[in-house]
Amino acid sequence: MTLPTEPIGSIPRPAYLVEGLGEFAAGRIDAAALAELESRALADTIARFEETGSPVLTDGEQGKPSFATYPLAGLTALAPDGVVIPFADGHTRQLPRLTAGPFRYATHADEYLTRAKALTAKPVKQAVIAASAVSLIYPADGIEGYSQEQFIADLVNEAEADIRRSLDAGADSVQIDFTEGRLSLKLDPSGGLLRQFVELNNAVLDRFTAEERAKIGVHTCPGGDLDSVHSLDVDYAGLLPALFDLKAGRFFVQLASEPDPDRALAVIADNLKADQRVFVGVTDPIDPRVETPEEVRDRVLAAARYVPAERLGTCDDCGFSPFADDTSTSRDIAFAKIKARVEGTRLAAEKLG
């Protein structure tokens with residue numbers, strides 16, 4: 001048998017691209033010069049991805065400012081003082097705040113997909129941000145003349161378009177990044193915010209057919225930025241049952257860095273629905289040590305004690321650089337971990353027969 005194995009999304013940007021992003025922000029290079037650097041980084045990323053033997057590739061998010069904010073890049077109706085996301089090591093990331101409507105995405109993810117597909121014959125998946133994450137840009141005190149209900153209606157339309165355009169452009173699958181799911185339980189331990197997030201994301205997923213949803217996945221992790229996390233201390237058992245209520249066919253679940261993976265696997269087994277497949281994380285992007293293929297194999301075999309092999313796959317716990325300026329992990333380490341994941345998954349498949 002074979003087990004599917006897929007990356008999550010981001011790959012650390014090369015130093016020349018990180019420097020170029022700073023130069024562009026400071027006004028010292030123009031958009032065309034930055035685009036050349038992004039194209040160079042993308043070509044290198046695709047080539048190195050292929051060298052790992054990965055059966056499915058991503059664009060490495062080389063052109064995204066971050067996994068969360070790419071739809072907002074270029075919008076003018078934004079202020080910088082939005083929701084703050086604290087990480088365990090003390091650093092923070094801050095979302096922008098919407099100041100006027102109507103809300104529209106400035107960039108759709110198929111733009112990244114199309115450029116990547118032109119460079120490879122292998123399948124390419126596309127990561128998109130969840131509507132629930134984007135919903136956080138609407139201010140708590142509202143916007144005069146643009147109600148939250150109007151904003152949500154616009155957001156659902158835009159999130160649907162983001163997924164549909166990638167499917168129409170030939171994505172092997174579309175992965176919805178839902179890292180705010182676990183974080184929501186830290187913000188609201190009652191689970192009310194999590195339920196709101198699930199309902200919002202399902203409002204988007206309801207617009208797709210069962211066949212289309214089979215190609216749509218959801219990724220969850222406790223965050224991963226500058227070698228730190230925002231919600232690893234939140235009990236997975238509070239998230240996982242609600243996670244599998246999302247009307248998607250694939251789930252990419254951080255597990256390699258989980259303190260008690262067996263407990264999480266038991267919850268997954270109890271809640272995974274008949275038409276869903278779970279990809280378990282077998283490499284930890286914020287751990288600088290590269291896992292061996294044998295370690296990966298053993299993690300897969302452990303998961304197979306809970307989840308039938310025909311409904312199992314593997315992935316990395318998270319992207320390796322969800323924000324463009326995160327260079328805490330090197331490109332060499334990222335691709336070494338991906339190669340170990342691919343090889344370890346193959347060893348597990350052989351063992352499972």
# chains A, B, ... in the order shown; residues from 1 in each chain; ligands from 1
$ residues_around --residues "segment 235-251 of chain A" --least-positions-apart "6" --cutoff "8 Å" --atoms "only C-alpha atoms" --output "number ranges by chain"
A: 181-182, 185, 191, 194-195, 198, 201-202, 205-206, 213-220, 264, 267-268, 271-273, 275-279
$ write_last_selection --atoms "C-alpha atoms" --output "PDB file, in the first residue's frame"
ATOM      1  CA  GLY A 181      -8.980  27.144  16.190  1.00  0.00           C
ATOM      2  CA  ARG A 182      -6.873  26.002  19.107  1.00  0.00           C
ATOM      3  CA  LEU A 185     -10.023  28.065  23.329  1.00  0.00           C
ATOM      4  CA  GLY A 191     -15.803  27.007  23.332  1.00  0.00           C
ATOM      5  CA  LEU A 194     -14.594  28.034  18.463  1.00  0.00           C
ATOM      6  CA  ARG A 195     -18.181  27.144  17.570  1.00  0.00           C
ATOM      7  CA  VAL A 198     -16.621  26.396  12.804  1.00  0.00           C
ATOM      8  CA  ASN A 201     -16.003  28.167   7.947  1.00  0.00           C
ATOM      9  CA  ASN A 202     -18.848  25.737   7.275  1.00  0.00           C
ATOM     10  CA  LEU A 205     -17.677  24.897   2.792  1.00  0.00           C
ATOM     11  CA  ASP A 206     -21.452  24.482   2.314  1.00  0.00           C
ATOM     12  CA  ARG A 213     -15.003  19.041  -0.475  1.00  0.00           C
ATOM     13  CA  ALA A 214     -13.058  15.796  -0.891  1.00  0.00           C
ATOM     14  CA  LYS A 215     -10.266  17.965  -2.313  1.00  0.00           C
ATOM     15  CA  ILE A 216     -10.513  20.569   0.458  1.00  0.00           C
ATOM     16  CA  GLY A 217      -8.579  20.095   3.694  1.00  0.00           C
ATOM     17  CA  VAL A 218      -8.198  21.894   7.004  1.00  0.00           C
ATOM     18  CA  HIS A 219      -4.905  22.359   8.847  1.00  0.00           C
ATOM     19  CA  THR A 220      -4.664  22.830  12.587  1.00  0.00           C
ATOM     20  CA  ALA A 264      -4.825  13.022  20.719  1.00  0.00           C
ATOM     21  CA  VAL A 267      -9.769  11.567  20.242  1.00  0.00           C
ATOM     22  CA  ILE A 268      -9.174  11.683  16.492  1.00  0.00           C
ATOM     23  CA  ASN A 271     -14.388  11.821  15.933  1.00  0.00           C
ATOM     24  CA  LEU A 272     -13.077  11.193  12.394  1.00  0.00           C
ATOM     25  CA  LYS A 273     -16.060  10.799  10.078  1.00  0.00           C
ATOM     26  CA  ASP A 275     -15.677  10.447   4.514  1.00  0.00           C
ATOM     27  CA  GLN A 276     -12.640  12.100   6.131  1.00  0.00           C
ATOM     28  CA  ARG A 277      -8.907  11.339   5.998  1.00  0.00           C
ATOM     29  CA  VAL A 278      -6.441  12.572   8.611  1.00  0.00           C
ATOM     30  CA  PHE A 279      -2.840  13.510   7.824  1.00  0.00           C
TER      31      PHE A 279
END
$ select_by_dssp --residues "segment 12-65 of chain A" --states "helix (DSSP H, G or I)" --output "ChimeraX atom specification"
/A:15-25,31-51
$ write_last_selection --atoms "N, CA, C and O atoms" --output "compact mmCIF listing (two decimals), in the first residue's frame"
# COMPACT_ATOMS: atom_id res chain seq x y z
N ALA A 15 17.78 34.32 1.93
CA ALA A 15 18.20 35.59 2.52
C ALA A 15 17.99 36.76 1.57
O ALA A 15 17.59 37.85 1.99
N TYR A 16 18.22 36.54 0.26
CA TYR A 16 18.07 37.66 -0.68
C TYR A 16 16.61 38.11 -0.78
O TYR A 16 16.34 39.29 -1.00
N LEU A 17 15.66 37.19 -0.60
CA LEU A 17 14.26 37.58 -0.66
C LEU A 17 13.85 38.30 0.63
O LEU A 17 13.13 39.31 0.58
N VAL A 18 14.30 37.81 1.78
CA VAL A 18 14.00 38.50 3.04
C VAL A 18 14.55 39.92 3.00
O VAL A 18 13.88 40.88 3.39
N GLU A 19 15.78 40.05 2.51
CA GLU A 19 16.38 41.39 2.39
C GLU A 19 15.58 42.25 1.40
O GLU A 19 15.33 43.44 1.65
N GLY A 20 15.16 41.65 0.30
CA GLY A 20 14.39 42.39 -0.70
C GLY A 20 13.06 42.87 -0.17
O GLY A 20 12.61 43.98 -0.50
N LEU A 21 12.41 42.06 0.68
CA LEU A 21 11.15 42.48 1.28
C LEU A 21 11.36 43.72 2.16
O LEU A 21 10.53 44.64 2.16
N GLY A 22 12.48 43.75 2.89
CA GLY A 22 12.79 44.92 3.69
C GLY A 22 13.08 46.13 2.82
O GLY A 22 12.65 47.26 3.14
N GLU A 23 13.80 45.91 1.73
CA GLU A 23 14.11 47.02 0.81
C GLU A 23 12.84 47.57 0.17
O GLU A 23 12.68 48.79 0.01
N PHE A 24 11.92 46.66 -0.18
CA PHE A 24 10.66 47.09 -0.78
C PHE A 24 9.84 47.90 0.21
O PHE A 24 9.29 48.96 -0.12
N ALA A 25 9.77 47.42 1.46
CA ALA A 25 9.01 48.13 2.49
C ALA A 25 9.58 49.52 2.74
O ALA A 25 8.83 50.46 3.05
N ALA A 31 8.16 47.26 -7.10
CA ALA A 31 7.43 46.00 -7.12
C ALA A 31 8.01 45.03 -8.15
O ALA A 31 8.04 43.82 -7.92
N ALA A 32 8.46 45.55 -9.27
CA ALA A 32 9.02 44.69 -10.31
C ALA A 32 10.30 44.01 -9.82
O ALA A 32 10.52 42.82 -10.08
N ALA A 33 11.14 44.74 -9.12
CA ALA A 33 12.38 44.16 -8.59
C ALA A 33 12.07 43.10 -7.54
O ALA A 33 12.71 42.04 -7.49
N LEU A 34 11.08 43.37 -6.70
CA LEU A 34 10.69 42.38 -5.70
C LEU A 34 10.13 41.13 -6.37
O LEU A 34 10.44 40.01 -5.95
N ALA A 35 9.34 41.31 -7.41
CA ALA A 35 8.76 40.17 -8.12
C ALA A 35 9.85 39.28 -8.72
O ALA A 35 9.71 38.04 -8.74
N GLU A 36 10.93 39.87 -9.19
CA GLU A 36 12.05 39.08 -9.73
C GLU A 36 12.67 38.23 -8.63
O GLU A 36 13.02 37.05 -8.86
N LEU A 37 12.83 38.78 -7.45
CA LEU A 37 13.38 38.02 -6.33
C LEU A 37 12.45 36.88 -5.92
O LEU A 37 12.89 35.77 -5.63
N GLU A 38 11.15 37.17 -5.93
CA GLU A 38 10.17 36.13 -5.58
C GLU A 38 10.19 35.01 -6.61
O GLU A 38 10.11 33.82 -6.25
N SER A 39 10.31 35.35 -7.88
CA SER A 39 10.35 34.32 -8.94
C SER A 39 11.60 33.46 -8.81
O SER A 39 11.54 32.23 -8.98
N ARG A 40 12.71 34.08 -8.49
CA ARG A 40 13.96 33.33 -8.28
C ARG A 40 13.82 32.37 -7.10
O ARG A 40 14.21 31.21 -7.20
N ALA A 41 13.23 32.85 -6.01
CA ALA A 41 13.05 32.01 -4.83
C ALA A 41 12.06 30.89 -5.10
O ALA A 41 12.24 29.75 -4.62
N LEU A 42 11.01 31.17 -5.86
CA LEU A 42 10.02 30.15 -6.18
C LEU A 42 10.64 29.03 -7.02
O LEU A 42 10.41 27.84 -6.74
N ALA A 43 11.42 29.39 -8.03
CA ALA A 43 12.05 28.38 -8.87
C ALA A 43 12.98 27.48 -8.06
O ALA A 43 12.99 26.24 -8.23
N ASP A 44 13.73 28.07 -7.15
CA ASP A 44 14.63 27.28 -6.31
C ASP A 44 13.83 26.39 -5.36
O ASP A 44 14.19 25.23 -5.13
N THR A 45 12.74 26.91 -4.83
CA THR A 45 11.90 26.14 -3.90
C THR A 45 11.29 24.93 -4.59
O THR A 45 11.32 23.81 -4.05
N ILE A 46 10.75 25.11 -5.77
CA ILE A 46 10.15 23.99 -6.51
C ILE A 46 11.20 22.94 -6.83
O ILE A 46 10.97 21.73 -6.67
N ALA A 47 12.38 23.38 -7.28
CA ALA A 47 13.45 22.43 -7.62
C ALA A 47 13.87 21.63 -6.39
O ALA A 47 14.05 20.40 -6.46
N ARG A 48 14.01 22.29 -5.25
CA ARG A 48 14.44 21.58 -4.04
C ARG A 48 13.33 20.68 -3.50
O ARG A 48 13.61 19.62 -2.95
N PHE A 49 12.10 21.10 -3.65
CA PHE A 49 10.98 20.25 -3.28
C PHE A 49 11.01 18.94 -4.08
O PHE A 49 10.82 17.85 -3.52
N GLU A 50 11.24 19.06 -5.38
CA GLU A 50 11.27 17.87 -6.21
C GLU A 50 12.41 16.93 -5.80
O GLU A 50 12.26 15.71 -5.85
N GLU A 51 13.52 17.50 -5.36
CA GLU A 51 14.66 16.68 -4.95
C GLU A 51 14.35 15.84 -3.71
O GLU A 51 14.97 14.81 -3.49
$ closest_residue --among "A:Ala79, A:Leu167, A:Leu136, A:Ile8" --to "Glu111 of chain A" --atoms "only C-alpha atoms"
A:Leu167
$ atom_distance --atom1 "atom CA of Pro308 of chain A" --atom2 "atom CA of Val342 of chain A"
19.4 Å
$ closest_residue --among "A:Ser132, A:Thr209, A:Gln126, A:Ser190" --to "Leu57 of chain A" --atoms "only C-alpha atoms"
A:Gln126
